[in-house]
file query.cif (mmCIF, C-alpha atoms)
data_target
#
loop_
_atom_site.group_PDB
_atom_site.id
_atom_site.type_symbol
_atom_site.label_atom_id
_atom_site.label_comp_id
_atom_site.auth_asym_id
_atom_site.auth_seq_id
_atom_site.Cartn_x
_atom_site.Cartn_y
_atom_site.Cartn_z
ATOM 1 C CA MET A 1 108.364 86.629 117.364
ATOM 2 C CA LYS A 2 109.841 87.106 120.842
ATOM 3 C CA ALA A 3 107.833 89.794 122.578
ATOM 4 C CA LEU A 4 110.445 91.690 124.584
ATOM 5 C CA LEU A 5 111.504 95.186 125.512
ATOM 6 C CA LEU A 6 115.015 96.368 126.337
ATOM 7 C CA ILE A 7 115.091 98.390 129.529
ATOM 8 C CA GLY A 8 116.505 101.801 128.710
ATOM 9 C CA LEU A 9 115.059 102.011 125.191
ATOM 10 C CA MET A 10 117.182 102.434 122.087
ATOM 11 C CA THR A 11 119.206 105.539 121.285
ATOM 12 C CA ALA A 12 120.030 104.836 117.630
ATOM 13 C CA ASN A 13 119.563 107.561 114.998
ATOM 14 C CA LEU A 14 116.071 107.420 113.499
ATOM 15 C CA TYR A 15 114.629 108.443 110.164
ATOM 16 C CA ALA A 16 112.124 111.278 110.214
ATOM 17 C CA SER A 17 109.596 109.573 107.931
ATOM 18 C CA PRO A 18 107.726 106.352 108.747
ATOM 19 C CA LEU A 19 108.519 103.270 106.689
ATOM 20 C CA SER A 20 106.883 99.870 106.341
ATOM 21 C CA ILE A 21 108.278 96.392 105.804
ATOM 22 C CA VAL A 22 107.059 96.705 102.193
ATOM 23 C CA PRO A 23 106.778 100.467 101.609
ATOM 24 C CA ASP A 24 104.524 100.258 98.542
ATOM 25 C CA LYS A 25 101.991 98.228 100.581
ATOM 26 C CA LEU A 26 101.846 100.728 103.444
ATOM 27 C CA VAL A 27 98.370 102.159 104.140
ATOM 28 C CA THR A 28 98.725 103.527 107.657
ATOM 29 C CA PRO A 29 102.030 103.714 109.586
ATOM 30 C CA PHE A 30 102.347 103.126 113.347
ATOM 31 C CA LEU A 31 99.731 105.413 114.908
ATOM 32 C CA ASP A 32 100.067 106.053 118.644
ATOM 33 C CA ILE A 33 96.309 105.864 118.837
ATOM 34 C CA PHE A 34 95.902 106.686 122.563
ATOM 35 C CA SER A 35 98.579 109.374 122.738
ATOM 36 C CA THR A 36 97.591 112.349 124.894
ATOM 37 C CA SER A 37 99.269 114.500 122.223
ATOM 38 C CA ASN A 38 96.667 113.586 119.599
ATOM 39 C CA LYS A 39 94.795 116.749 118.689
ATOM 40 C CA GLN A 40 91.437 117.482 117.113
ATOM 41 C CA LEU A 41 91.951 119.886 114.203
ATOM 42 C CA SER A 42 88.296 120.202 113.222
ATOM 43 C CA ALA A 43 85.047 118.285 113.309
ATOM 44 C CA GLU A 44 86.337 116.256 110.372
ATOM 45 C CA LYS A 45 90.060 115.816 111.171
ATOM 46 C CA MET A 46 92.392 114.509 113.882
ATOM 47 C CA GLU A 47 96.134 114.957 114.171
ATOM 48 C CA VAL A 48 97.609 111.664 115.386
ATOM 49 C CA ARG A 49 101.125 110.910 116.588
ATOM 50 C CA VAL A 50 103.145 108.566 114.390
ATOM 51 C CA SER A 51 105.976 106.367 115.675
ATOM 52 C CA PRO A 52 108.434 106.139 112.742
ATOM 53 C CA TYR A 53 109.946 102.796 111.817
ATOM 54 C CA ASN A 54 113.306 102.812 110.035
ATOM 55 C CA LYS A 55 115.065 100.264 107.851
ATOM 56 C CA ASN A 56 116.670 98.668 110.912
ATOM 57 C CA GLY A 57 113.285 98.154 112.578
ATOM 58 C CA GLU A 58 113.900 100.850 115.174
ATOM 59 C CA ILE A 59 111.053 103.031 116.402
ATOM 60 C CA SER A 60 110.818 106.529 117.852
ATOM 61 C CA LYS A 61 107.648 107.163 119.860
ATOM 62 C CA GLY A 62 105.530 110.063 118.653
ATOM 63 C CA ALA A 63 108.255 111.537 116.440
ATOM 64 C CA SER A 64 105.928 112.827 113.704
ATOM 65 C CA LYS A 65 102.254 113.504 112.997
ATOM 66 C CA LEU A 66 99.557 112.383 110.596
ATOM 67 C CA GLU A 67 96.213 113.961 109.780
ATOM 68 C CA MET A 68 93.367 111.501 109.386
ATOM 69 C CA PRO A 69 89.593 111.774 108.908
ATOM 70 C CA MET A 70 87.668 111.845 112.172
ATOM 71 C CA ASP A 71 85.513 108.840 111.275
ATOM 72 C CA GLN A 72 88.615 106.767 110.502
ATOM 73 C CA TYR A 73 90.243 107.860 113.760
ATOM 74 C CA LEU A 74 87.166 106.974 115.821
ATOM 75 C CA LYS A 75 86.936 103.567 114.151
ATOM 76 C CA ALA A 76 90.621 102.906 114.843
ATOM 77 C CA ARG A 77 90.283 103.974 118.458
ATOM 78 C CA LYS A 78 87.198 101.794 118.987
ATOM 79 C CA GLN A 79 88.965 98.709 117.622
ATOM 80 C CA ALA A 80 92.069 99.500 119.666
ATOM 81 C CA SER A 81 89.977 99.779 122.832
ATOM 82 C CA ALA A 82 89.596 95.984 122.799
ATOM 83 C CA VAL A 83 93.364 95.498 122.646
ATOM 84 C CA LEU A 84 95.286 95.313 125.913
ATOM 85 C CA ARG A 85 98.939 95.540 126.902
ATOM 86 C CA MET A 86 100.515 92.719 128.850
ATOM 87 C CA ILE A 87 102.090 93.981 132.080
ATOM 88 C CA PRO A 88 105.296 92.078 132.917
ATOM 89 C CA SER A 89 106.111 90.829 136.387
ATOM 90 C CA GLU A 90 109.502 90.250 137.940
ATOM 91 C CA SER A 91 109.339 86.639 136.818
ATOM 92 C CA TYR A 92 109.690 87.813 133.205
ATOM 93 C CA ALA A 93 112.916 89.790 133.719
ATOM 94 C CA ASN A 94 115.980 87.752 132.784
ATOM 95 C CA ALA A 95 119.668 88.156 133.636
ATOM 96 C CA ASP A 96 120.220 90.492 130.676
ATOM 97 C CA GLY A 97 117.667 92.974 131.982
ATOM 98 C CA MET A 98 115.049 92.187 129.351
ATOM 99 C CA ILE A 99 111.386 92.373 130.271
ATOM 100 C CA TYR A 100 108.958 90.474 128.088
ATOM 101 C CA MET A 101 106.004 92.439 126.791
ATOM 102 C CA GLY A 102 103.123 91.602 124.512
ATOM 103 C CA THR A 103 99.505 92.055 123.553
ATOM 104 C CA ALA A 104 96.133 90.373 124.029
ATOM 105 C CA PHE A 105 92.656 91.240 122.754
ATOM 106 C CA HIS A 106 89.226 90.983 124.305
ATOM 107 C CA ILE A 107 86.623 88.786 122.573
ATOM 108 C CA GLY A 108 83.863 89.143 125.177
ATOM 109 C CA GLU A 109 82.839 87.392 128.412
ATOM 110 C CA ASN A 110 86.209 88.346 129.999
ATOM 111 C CA LEU A 111 87.975 86.078 127.508
ATOM 112 C CA VAL A 112 91.093 87.198 125.646
ATOM 113 C CA LEU A 113 93.250 85.666 122.953
ATOM 114 C CA THR A 114 97.032 86.022 122.890
ATOM 115 C CA ASN A 115 100.173 84.110 121.930
ATOM 116 C CA GLN A 116 101.457 81.227 124.011
ATOM 117 C CA HIS A 117 104.859 82.892 123.995
ATOM 118 C CA VAL A 118 103.329 86.054 125.490
ATOM 119 C CA LEU A 119 101.980 84.007 128.401
ATOM 120 C CA SER A 120 105.261 82.107 128.678
ATOM 121 C CA PRO A 121 108.319 83.485 126.815
ATOM 122 C CA ASP A 122 110.254 80.241 127.279
ATOM 123 C CA ARG A 123 107.186 78.192 126.193
ATOM 124 C CA SER A 124 107.270 76.130 129.407
ATOM 125 C CA ASN A 125 103.841 77.187 130.680
ATOM 126 C CA LYS A 126 100.607 76.235 128.915
ATOM 127 C CA SER A 127 98.119 76.099 131.767
ATOM 128 C CA GLU A 128 99.010 78.502 134.609
ATOM 129 C CA CYS A 129 98.370 82.251 134.917
ATOM 130 C CA GLY A 130 101.832 82.983 136.277
ATOM 131 C CA GLY A 131 102.452 86.729 136.102
ATOM 132 C CA PHE A 132 100.029 87.345 133.228
ATOM 133 C CA GLN A 133 98.019 90.546 133.676
ATOM 134 C CA LEU A 134 96.649 93.115 131.253
ATOM 135 C CA TYR A 135 96.454 96.901 131.162
ATOM 136 C CA SER A 136 93.492 98.718 129.612
ATOM 137 C CA ASN A 137 94.348 101.920 127.738
ATOM 138 C CA THR A 138 90.794 103.201 128.022
ATOM 139 C CA THR A 139 90.351 102.771 131.794
ATOM 140 C CA SER A 140 93.994 102.562 133.007
ATOM 141 C CA GLU A 141 93.013 99.503 135.024
ATOM 142 C CA ILE A 142 95.039 96.303 135.387
ATOM 143 C CA PHE A 143 93.158 93.024 135.085
ATOM 144 C CA PRO A 144 94.508 89.798 136.612
ATOM 145 C CA CYS A 145 94.518 86.428 134.910
ATOM 146 C CA LYS A 146 91.799 84.161 136.316
ATOM 147 C CA LYS A 147 92.269 80.984 134.272
ATOM 148 C CA VAL A 148 94.218 79.732 131.262
ATOM 149 C CA HIS A 149 91.606 77.697 129.382
ATOM 150 C CA TYR A 150 93.788 76.396 126.571
ATOM 151 C CA CYS A 151 97.149 76.981 124.902
ATOM 152 C CA ASN A 152 98.416 75.502 121.659
ATOM 153 C CA GLU A 153 102.189 75.756 121.303
ATOM 154 C CA GLU A 154 102.338 74.767 117.621
ATOM 155 C CA ASN A 155 99.998 77.577 116.559
ATOM 156 C CA ASP A 156 101.221 79.856 119.361
ATOM 157 C CA VAL A 157 97.813 80.811 120.731
ATOM 158 C CA CYS A 158 96.126 80.881 124.157
ATOM 159 C CA LEU A 159 92.577 81.476 125.374
ATOM 160 C CA ILE A 160 92.656 83.136 128.793
ATOM 161 C CA GLU A 161 89.902 84.300 131.138
ATOM 162 C CA MET A 162 90.617 87.547 132.980
ATOM 163 C CA GLY A 163 89.360 88.332 136.462
ATOM 164 C CA ALA A 164 87.721 91.462 137.824
ATOM 165 C CA THR A 165 89.764 94.303 139.284
ATOM 166 C CA LYS A 166 89.054 96.953 141.919
ATOM 167 C CA ARG A 167 88.190 100.481 140.841
ATOM 168 C CA CYS A 168 88.565 103.350 143.292
ATOM 169 C CA LEU A 169 85.445 105.491 143.643
ATOM 170 C CA ASN A 170 87.047 108.370 145.529
ATOM 171 C CA PHE A 171 90.419 110.088 145.814
ATOM 172 C CA LEU A 172 91.584 108.152 148.882
ATOM 173 C CA CYS A 173 90.261 104.873 147.465
ATOM 174 C CA THR A 174 88.236 104.175 150.599
ATOM 175 C CA LYS A 175 85.349 103.186 148.355
ATOM 176 C CA LYS A 176 85.886 100.561 145.668
ATOM 177 C CA GLU A 177 83.926 98.490 143.188
ATOM 178 C CA MET A 178 84.822 95.374 141.230
ATOM 179 C CA VAL A 179 84.852 95.868 137.451
ATOM 180 C CA GLU A 180 85.400 93.535 134.511
ATOM 181 C CA LEU A 181 86.541 94.057 130.923
ATOM 182 C CA LYS A 182 84.135 96.258 128.971
ATOM 183 C CA GLN A 183 81.914 93.981 126.926
ATOM 184 C CA GLY A 184 81.110 96.661 124.346
ATOM 185 C CA GLU A 185 84.768 96.866 123.339
ATOM 186 C CA ALA A 186 85.145 93.179 122.450
ATOM 187 C CA LEU A 187 86.191 92.120 118.943
ATOM 188 C CA LYS A 188 84.415 89.505 116.818
ATOM 189 C CA LEU A 189 86.201 86.593 115.126
ATOM 190 C CA LYS A 190 85.898 85.654 111.447
ATOM 191 C CA ALA A 191 85.476 81.903 111.048
ATOM 192 C CA THR A 192 86.073 81.557 107.306
ATOM 193 C CA PRO A 193 88.165 84.337 105.709
ATOM 194 C CA MET A 194 87.675 82.962 102.172
ATOM 195 C CA MET A 195 88.141 85.348 99.253
ATOM 196 C CA SER A 196 89.425 85.429 95.696
ATOM 197 C CA TYR A 197 93.136 85.655 94.978
ATOM 198 C CA GLU A 198 92.652 89.099 93.420
ATOM 199 C CA ASN A 199 90.875 90.440 96.497
ATOM 200 C CA MET A 200 93.740 89.262 98.680
ATOM 201 C CA ASP A 201 96.031 91.756 96.968
ATOM 202 C CA SER A 202 93.690 94.691 97.641
ATOM 203 C CA GLN A 203 92.456 93.784 101.164
ATOM 204 C CA VAL A 204 93.598 96.313 103.783
ATOM 205 C CA MET A 205 94.634 94.497 106.961
ATOM 206 C CA THR A 206 94.873 96.231 110.332
ATOM 207 C CA CYS A 207 97.392 95.282 113.000
ATOM 208 C CA ILE A 208 96.968 96.558 116.583
ATOM 209 C CA GLY A 209 99.413 95.908 119.399
ATOM 210 C CA ASN A 210 101.797 97.041 122.105
ATOM 211 C CA THR A 211 104.540 98.007 119.655
ATOM 212 C CA MET A 212 107.980 97.837 121.341
ATOM 213 C CA GLY A 213 106.201 98.181 124.676
ATOM 214 C CA LEU A 214 105.481 101.821 123.777
ATOM 215 C CA GLY A 215 101.700 101.478 124.081
ATOM 216 C CA ILE A 216 98.929 100.414 121.731
ATOM 217 C CA HIS A 217 99.708 101.301 118.102
ATOM 218 C CA TYR A 218 97.527 100.917 115.018
ATOM 219 C CA SER A 219 98.924 100.167 111.548
ATOM 220 C CA GLN A 220 97.636 99.016 108.168
ATOM 221 C CA GLY A 221 99.055 97.339 105.077
ATOM 222 C CA ARG A 222 97.578 96.182 101.795
ATOM 223 C CA GLY A 223 97.497 92.502 100.849
ATOM 224 C CA LEU A 224 97.638 89.050 102.453
ATOM 225 C CA ARG A 225 98.096 85.365 101.746
ATOM 226 C CA ASN A 226 96.177 82.607 103.545
ATOM 227 C CA SER A 227 97.898 79.218 103.849
ATOM 228 C CA GLY A 228 95.259 77.565 106.051
ATOM 229 C CA ASP A 229 96.863 77.754 109.469
ATOM 230 C CA ARG A 230 98.827 80.950 108.755
ATOM 231 C CA ILE A 231 98.107 84.349 107.256
ATOM 232 C CA TYR A 232 100.965 86.296 105.693
ATOM 233 C CA PHE A 233 100.400 90.063 105.680
ATOM 234 C CA PHE A 234 102.152 93.419 105.240
ATOM 235 C CA ALA A 235 100.739 95.725 107.907
ATOM 236 C CA PRO A 236 103.710 97.018 109.927
ATOM 237 C CA LEU A 237 104.429 95.441 113.289
ATOM 238 C CA ARG A 238 107.331 95.203 115.697
ATOM 239 C CA THR A 239 108.338 93.357 118.825
ATOM 240 C CA GLY A 240 105.541 93.668 121.392
ATOM 241 C CA ASN A 241 102.714 93.252 118.836
ATOM 242 C CA SER A 242 102.710 89.504 119.560
ATOM 243 C CA GLY A 243 99.240 88.324 120.555
ATOM 244 C CA GLY A 244 97.395 91.227 118.965
ATOM 245 C CA PRO A 245 94.565 90.993 116.411
ATOM 246 C CA LEU A 246 94.874 91.082 112.629
ATOM 247 C CA ILE A 247 91.652 92.718 111.431
ATOM 248 C CA GLY A 248 90.126 92.696 107.937
ATOM 249 C CA GLU A 249 88.141 95.430 106.229
ATOM 250 C CA ASP A 250 84.957 93.829 107.572
ATOM 251 C CA GLY A 251 86.042 94.711 111.125
ATOM 252 C CA LEU A 252 86.435 91.057 112.104
ATOM 253 C CA VAL A 253 89.586 89.431 113.469
ATOM 254 C CA TRP A 254 91.202 87.245 110.805
ATOM 255 C CA GLY A 255 94.214 86.136 112.823
ATOM 256 C CA VAL A 256 96.359 86.358 115.956
ATOM 257 C CA VAL A 257 99.651 88.147 115.232
ATOM 258 C CA LYS A 258 102.593 85.931 116.113
ATOM 259 C CA LEU A 259 105.705 86.514 113.998
ATOM 260 C CA GLU A 260 107.598 89.522 112.703
ATOM 261 C CA SER A 261 109.431 89.497 109.385
ATOM 262 C CA GLN A 262 113.157 88.793 109.746
ATOM 263 C CA LEU A 263 113.726 91.214 106.861
ATOM 264 C CA LYS A 264 112.675 94.556 108.341
ATOM 265 C CA VAL A 265 112.074 96.468 105.088
ATOM 266 C CA GLY A 266 111.997 95.227 101.494
ATOM 267 C CA SER A 267 109.927 93.542 98.785
ATOM 268 C CA GLU A 268 110.504 90.086 100.326
ATOM 269 C CA ALA A 269 109.404 91.042 103.837
ATOM 270 C CA TYR A 270 106.170 89.758 105.404
ATOM 271 C CA ASN A 271 104.605 89.208 108.838
ATOM 272 C CA VAL A 272 102.691 86.175 110.121
ATOM 273 C CA ALA A 273 99.481 85.575 112.079
ATOM 274 C CA ALA A 274 97.800 82.380 113.212
ATOM 275 C CA SER A 275 94.717 81.985 111.014
ATOM 276 C CA MET A 276 91.487 82.588 112.946
ATOM 277 C CA GLU A 277 89.891 79.710 111.069
ATOM 278 C CA LYS A 278 92.518 77.411 112.616
ATOM 279 C CA VAL A 279 92.298 79.060 116.044
ATOM 280 C CA ILE A 280 88.517 78.643 116.159
ATOM 281 C CA SER A 281 88.798 74.990 115.164
ATOM 282 C CA LEU A 282 91.372 74.350 117.908
ATOM 283 C CA MET A 283 89.323 76.114 120.587
ATOM 284 C CA ARG A 284 86.072 74.382 119.693
ATOM 285 C CA GLU A 285 87.745 70.983 119.780
ATOM 286 C CA GLN A 286 89.536 71.626 123.068
ATOM 287 C CA LEU A 287 86.508 73.182 124.788
ATOM 288 C CA SER A 288 84.100 70.403 123.746
ATOM 289 C CA ASN A 289 83.999 69.169 127.362
ATOM 290 C CA ASP A 290 83.695 72.672 128.816
ATOM 291 C CA LYS A 291 80.271 73.705 127.582
ATOM 292 C CA VAL A 292 80.129 76.939 129.582
ATOM 293 C CA THR A 293 83.393 78.344 128.192
ATOM 294 C CA LEU A 294 82.625 77.019 124.707
ATOM 295 C CA GLU A 295 79.310 78.884 124.694
ATOM 296 C CA LYS A 296 81.085 82.083 125.755
ATOM 297 C CA PHE A 297 83.740 81.642 123.058
ATOM 298 C CA ASN A 298 81.183 80.913 120.331
ATOM 299 C CA LYS A 299 79.447 84.229 121.010
ATOM 300 C CA ALA A 300 82.525 85.943 119.574
ATOM 301 C CA VAL A 301 82.544 83.903 116.354
ATOM 302 C CA VAL A 302 80.911 85.116 113.143
ATOM 303 C CA ASP A 303 80.397 82.004 110.981
#
call {"tool": "encode", "arguments": {"input": "query.cif", "output": "C-alpha cells"}}
result
Amino acid sequence: MKALLLIGLMTANLYASPLSIVPDKLVTPFLDIFSTSNKQLSAEKMEVRVSPYNKNGEISKGASKLEMPMDQYLKARKQASAVLRMIPSESYANADGMIYMGTAFHIGENLVLTNQHVLSPDRSNKSECGGFQLYSNTTSEIFPCKKVHYCNEENDVCLIEMGATKRCLNFLCTKKEMVELKQGEALKLKATPMMSYENMDSQVMTCIGNTMGLGIHYSQGRGLRNSGDRIYFFAPLRTGNSGGPLIGEDGLVWGVVKLESQLKVGSEAYNVAASMEKVISLMREQLSNDKVTLEKFNKAVVD
C-alpha cells in the first residue's frame, strides 16, 4: 500500500455513518483516539471522534462520535501511544504535489518497526535514514532517525533506531534536555500466533496508524487468516496506516500493516500485514552478527 497524502485533502461528499471494508466484521470504526474533541461523559464513558469511511474509501476527520467504555478507551489510548506518525521531508514531495506519509511503532530501546516503503516510497533505500523522522502524539516531539538496522523489501519491513530529541524546559527554550522514546509505551511482539481455525474467525484484531495523514486512528475488525508470511485481516485501514501494528486480543503485535484492500468495501475485501512470526525470524537472522541490537530486539519478543 503506497503511504501518501494529497495536499489539499479531498472534498468529495461523505457518508454520515462509518463503514468498514467488510461491514459485518466491523468491531470499532476509525477512532481519532488523540482528538482534543474527545470528551469524558462520566467515570465510565468517553465520547470519541469517529472518522467515517465511505464505500469509495474516503474519510472525513472527526465527522461523528462514538461512546465507548472508559476502560476500553484507556486501553486503546495506551496502545496508540506507542504508535508514531512519520513526518515527511521535502525529499518525499514529488512533482504531483504528493507527500508520502506513514506509521511506525515503538518496540522498546528506541527501536521501531515500519514498512520499507514508508522509509523509501520508491523502494530505492534500504539502509539510510534519509528524511525519516517520527512524531509522538503524546509528547508532540519529533524524533530523528539514528540508524536503519535492517530492511527487507520482499516482506516490506524495516527495523530502525531513533535518536534522542531536544525538549524545551522553559517558554523561551533557553533550557533544554535530551529525551528518548518513552520505554513504557513500547509494544511487545508475538512470536507464534498459532490458533485454531475457529478462533481465527472470532479473534478481534486492532489496527493503529496515521490514517490518511489525519493523525493516529484506532480501528478493529473480527477475523483473520494466517498464511505464514502474511496475515489477512478485516480491521479498517486506509492510506497512511502503512507500517503500523496489527494487534491481537492478547495485546501483542501479530503483524506489521503493509497493504490495503483494493476493494474498499464488500464481502471479498481484506487487508494485509507482514506476519510477526516472519518478521522476527528475519530480524534474528540478520542481526546475528550485531549482538547488541539483537539483544535489544529480543526484549520485545514474547515467545
call {"tool": "residues_around", "arguments": {"input": "query.cif", "residues": "Lys299 in chain A", "least_positions_apart": "5", "cutoff": "10 Å", "atoms": "all atoms listed in the file", "output": "list in words"}}
result
Ile107, Gly108, Glu109, Lys188, Leu189 and Leu294 of chain A
call {"tool": "atom_distance", "arguments": {"input": "query.cif", "atom1": "CA of Ile59 in chain A", "atom2": "CA of Val257 in chain A"}}
result
18.8 Å
call {"tool": "resolve_selection", "arguments": {"input": "query.cif", "expression": "the PyMOL selection byres ((chain A and resi 127) around 9)", "output": "MDAnalysis selection string"}}
result
chainID A and resid 125:126 128:129 147:151
call {"tool": "resolve_selection", "arguments": {"input": "query.cif", "expression": "the PyMOL selection byres ((chain A and resi 82) around 8)", "output": "PyMOL selection string"}}
result
chain A and resi 78-81+83-84+105-107+185-187
call {"tool": "resolve_selection", "arguments": {"input": "query.cif", "expression": "the PyMOL selection byres ((chain A and resi 244-253) around 7)", "output": "PyMOL selection string"}}
result
chain A and resi 83+103-105+114+187-190+203-209+241-243+254-257
call {"tool": "atom_distance", "arguments": {"input": "query.cif", "atom1": "CA of Met101 in chain A", "atom2": "CA of Tyr53 in chain A"}}
result
18.6 Å
call {"tool": "closest_residue", "arguments": {"input": "query.cif", "among": "A:Lys75, A:Lys45, A:Lys258, A:Lys25", "to": "Tyr218 in chain A", "atoms": "all atoms listed in the file"}}
result
A:Lys75
call {"tool": "atom_distance", "arguments": {"input": "query.cif", "atom1": "CA of Val27 in chain A", "atom2": "CA of Met276 in chain A"}}
result
22.5 Å
call {"tool": "closest_residue", "arguments": {"input": "query.cif", "among": "A:Ser42, A:Asn170, A:Ser219, A:Gln262", "to": "Thr28 in chain A", "atoms": "all atoms listed in the file"}}
result
A:Ser219
call {"tool": "closest_residue", "arguments": {"input": "query.cif", "among": "A:Asn298, A:Ser275, A:Thr211, A:Thr165", "to": "Ser60 in chain A", "atoms": "all atoms listed in the file"}}
result
A:Thr211
call {"tool": "residues_near_point", "arguments": {"input": "query.cif", "point": "(106.2, 80.0, 111.7)", "cutoff": "10 Å", "atoms": "only C-alpha atoms", "output": "ChimeraX atom specification"}}
result
/A:1,154-156,229-230,258-260,271-274
call {"tool": "closest_residue", "arguments": {"input": "query.cif", "among": "A:His217, A:Glu268, A:Asn54, A:Leu237", "to": "Ala76 in chain A", "atoms": "all atoms listed in the file"}}
result
A:His217
call {"tool": "closest_residue", "arguments": {"input": "query.cif", "among": "A:Ile280, A:Leu74, A:Leu41, A:Met86", "to": "Gly240 in chain A", "atoms": "all atoms listed in the file"}}
result
A:Met86
call {"tool": "residues_around", "arguments": {"input": "query.cif", "residues": "Tyr270 in chain A", "least_positions_apart": "3", "cutoff": "7 Å", "atoms": "only C-alpha atoms", "output": "NGL selection string"}}
result
:A and (21 or 232-234 or 261)
call {"tool": "closest_residue", "arguments": {"input": "query.cif", "among": "A:Lys39, A:Phe30, A:Ser288, A:Ile87", "to": "Arg238 in chain A", "atoms": "all atoms listed in the file"}}
result
A:Phe30
call {"tool": "residues_around", "arguments": {"input": "query.cif", "residues": "Leu181 in chain A", "least_positions_apart": "3", "cutoff": "8 Å", "atoms": "only C-alpha atoms", "output": "PyMOL selection string"}}
result
chain A and resi 106+110+143+162+164
call {"tool": "axis_aligned_box", "arguments": {"input": "query.cif", "around": "range 27-44 of chain A", "padding_each_side": "3 Å", "output": "lines of an AutoDock Vina configuration file"}}
result
center_x = 93.7
center_y = 111.2
center_z = 114.5
size_x = 23.3
size_y = 24.0
size_z = 26.8
call {"tool": "build_atoms", "arguments": {"input": "query.cif", "residues": "range 166-184 of chain A", "atoms": "N, CA and C atoms", "output": "PDB file, keeping the file's coordinate frame"}}
result
ATOM      1  N   LYS A 166      89.690  95.943 141.082  1.00  0.00           N
ATOM      2  CA  LYS A 166      89.054  96.953 141.919  1.00  0.00           C
ATOM      3  C   LYS A 166      89.236  98.342 141.320  1.00  0.00           C
ATOM      4  N   ARG A 167      88.163  99.091 141.301  1.00  0.00           N
ATOM      5  CA  ARG A 167      88.190 100.481 140.841  1.00  0.00           C
ATOM      6  C   ARG A 167      87.905 101.401 142.024  1.00  0.00           C
ATOM      7  N   CYS A 168      88.765 102.393 142.207  1.00  0.00           N
ATOM      8  CA  CYS A 168      88.565 103.350 143.292  1.00  0.00           C
ATOM      9  C   CYS A 168      87.446 104.325 142.934  1.00  0.00           C
ATOM     10  N   LEU A 169      86.576 104.602 143.882  1.00  0.00           N
ATOM     11  CA  LEU A 169      85.445 105.491 143.643  1.00  0.00           C
ATOM     12  C   LEU A 169      85.662 106.883 144.234  1.00  0.00           C
ATOM     13  N   ASN A 170      86.730 107.042 145.004  1.00  0.00           N
ATOM     14  CA  ASN A 170      87.047 108.370 145.529  1.00  0.00           C
ATOM     15  C   ASN A 170      88.560 108.541 145.580  1.00  0.00           C
ATOM     16  N   PHE A 171      88.998 109.741 145.892  1.00  0.00           N
ATOM     17  CA  PHE A 171      90.419 110.088 145.814  1.00  0.00           C
ATOM     18  C   PHE A 171      91.274 109.214 146.727  1.00  0.00           C
ATOM     19  N   LEU A 172      90.812 108.932 147.913  1.00  0.00           N
ATOM     20  CA  LEU A 172      91.584 108.152 148.882  1.00  0.00           C
ATOM     21  C   LEU A 172      91.389 106.644 148.697  1.00  0.00           C
ATOM     22  N   CYS A 173      90.537 106.282 147.768  1.00  0.00           N
ATOM     23  CA  CYS A 173      90.261 104.873 147.465  1.00  0.00           C
ATOM     24  C   CYS A 173      89.684 104.128 148.669  1.00  0.00           C
ATOM     25  N   THR A 174      88.904 104.847 149.482  1.00  0.00           N
ATOM     26  CA  THR A 174      88.236 104.175 150.599  1.00  0.00           C
ATOM     27  C   THR A 174      86.969 103.465 150.136  1.00  0.00           C
ATOM     28  N   LYS A 175      86.490 103.870 148.953  1.00  0.00           N
ATOM     29  CA  LYS A 175      85.349 103.186 148.355  1.00  0.00           C
ATOM     30  C   LYS A 175      85.787 102.557 147.038  1.00  0.00           C
ATOM     31  N   LYS A 176      85.442 101.286 146.853  1.00  0.00           N
ATOM     32  CA  LYS A 176      85.886 100.561 145.668  1.00  0.00           C
ATOM     33  C   LYS A 176      84.735  99.740 145.092  1.00  0.00           C
ATOM     34  N   GLU A 177      84.852  99.410 143.825  1.00  0.00           N
ATOM     35  CA  GLU A 177      83.926  98.490 143.188  1.00  0.00           C
ATOM     36  C   GLU A 177      84.708  97.541 142.296  1.00  0.00           C
ATOM     37  N   MET A 178      84.183  96.349 142.102  1.00  0.00           N
ATOM     38  CA  MET A 178      84.822  95.374 141.230  1.00  0.00           C
ATOM     39  C   MET A 178      84.311  95.574 139.806  1.00  0.00           C
ATOM     40  N   VAL A 179      85.231  95.662 138.849  1.00  0.00           N
ATOM     41  CA  VAL A 179      84.852  95.868 137.451  1.00  0.00           C
ATOM     42  C   VAL A 179      85.522  94.801 136.585  1.00  0.00           C
ATOM     43  N   GLU A 180      84.883  94.510 135.453  1.00  0.00           N
ATOM     44  CA  GLU A 180      85.400  93.535 134.511  1.00  0.00           C
ATOM     45  C   GLU A 180      85.727  94.230 133.194  1.00  0.00           C
ATOM     46  N   LEU A 181      86.271  93.499 132.244  1.00  0.00           N
ATOM     47  CA  LEU A 181      86.541  94.057 130.923  1.00  0.00           C
ATOM     48  C   LEU A 181      85.252  94.564 130.300  1.00  0.00           C
ATOM     49  N   LYS A 182      85.328  95.676 129.585  1.00  0.00           N
ATOM     50  CA  LYS A 182      84.135  96.258 128.971  1.00  0.00           C
ATOM     51  C   LYS A 182      83.647  95.396 127.817  1.00  0.00           C
ATOM     52  N   GLN A 183      82.437  94.895 127.933  1.00  0.00           N
ATOM     53  CA  GLN A 183      81.914  93.981 126.926  1.00  0.00           C
ATOM     54  C   GLN A 183      81.698  94.661 125.576  1.00  0.00           C
ATOM     55  N   GLY A 184      81.364  95.957 125.592  1.00  0.00           N
ATOM     56  CA  GLY A 184      81.110  96.661 124.346  1.00  0.00           C
ATOM     57  C   GLY A 184      82.344  96.885 123.499  1.00  0.00           C
TER      58      GLY A 184
END
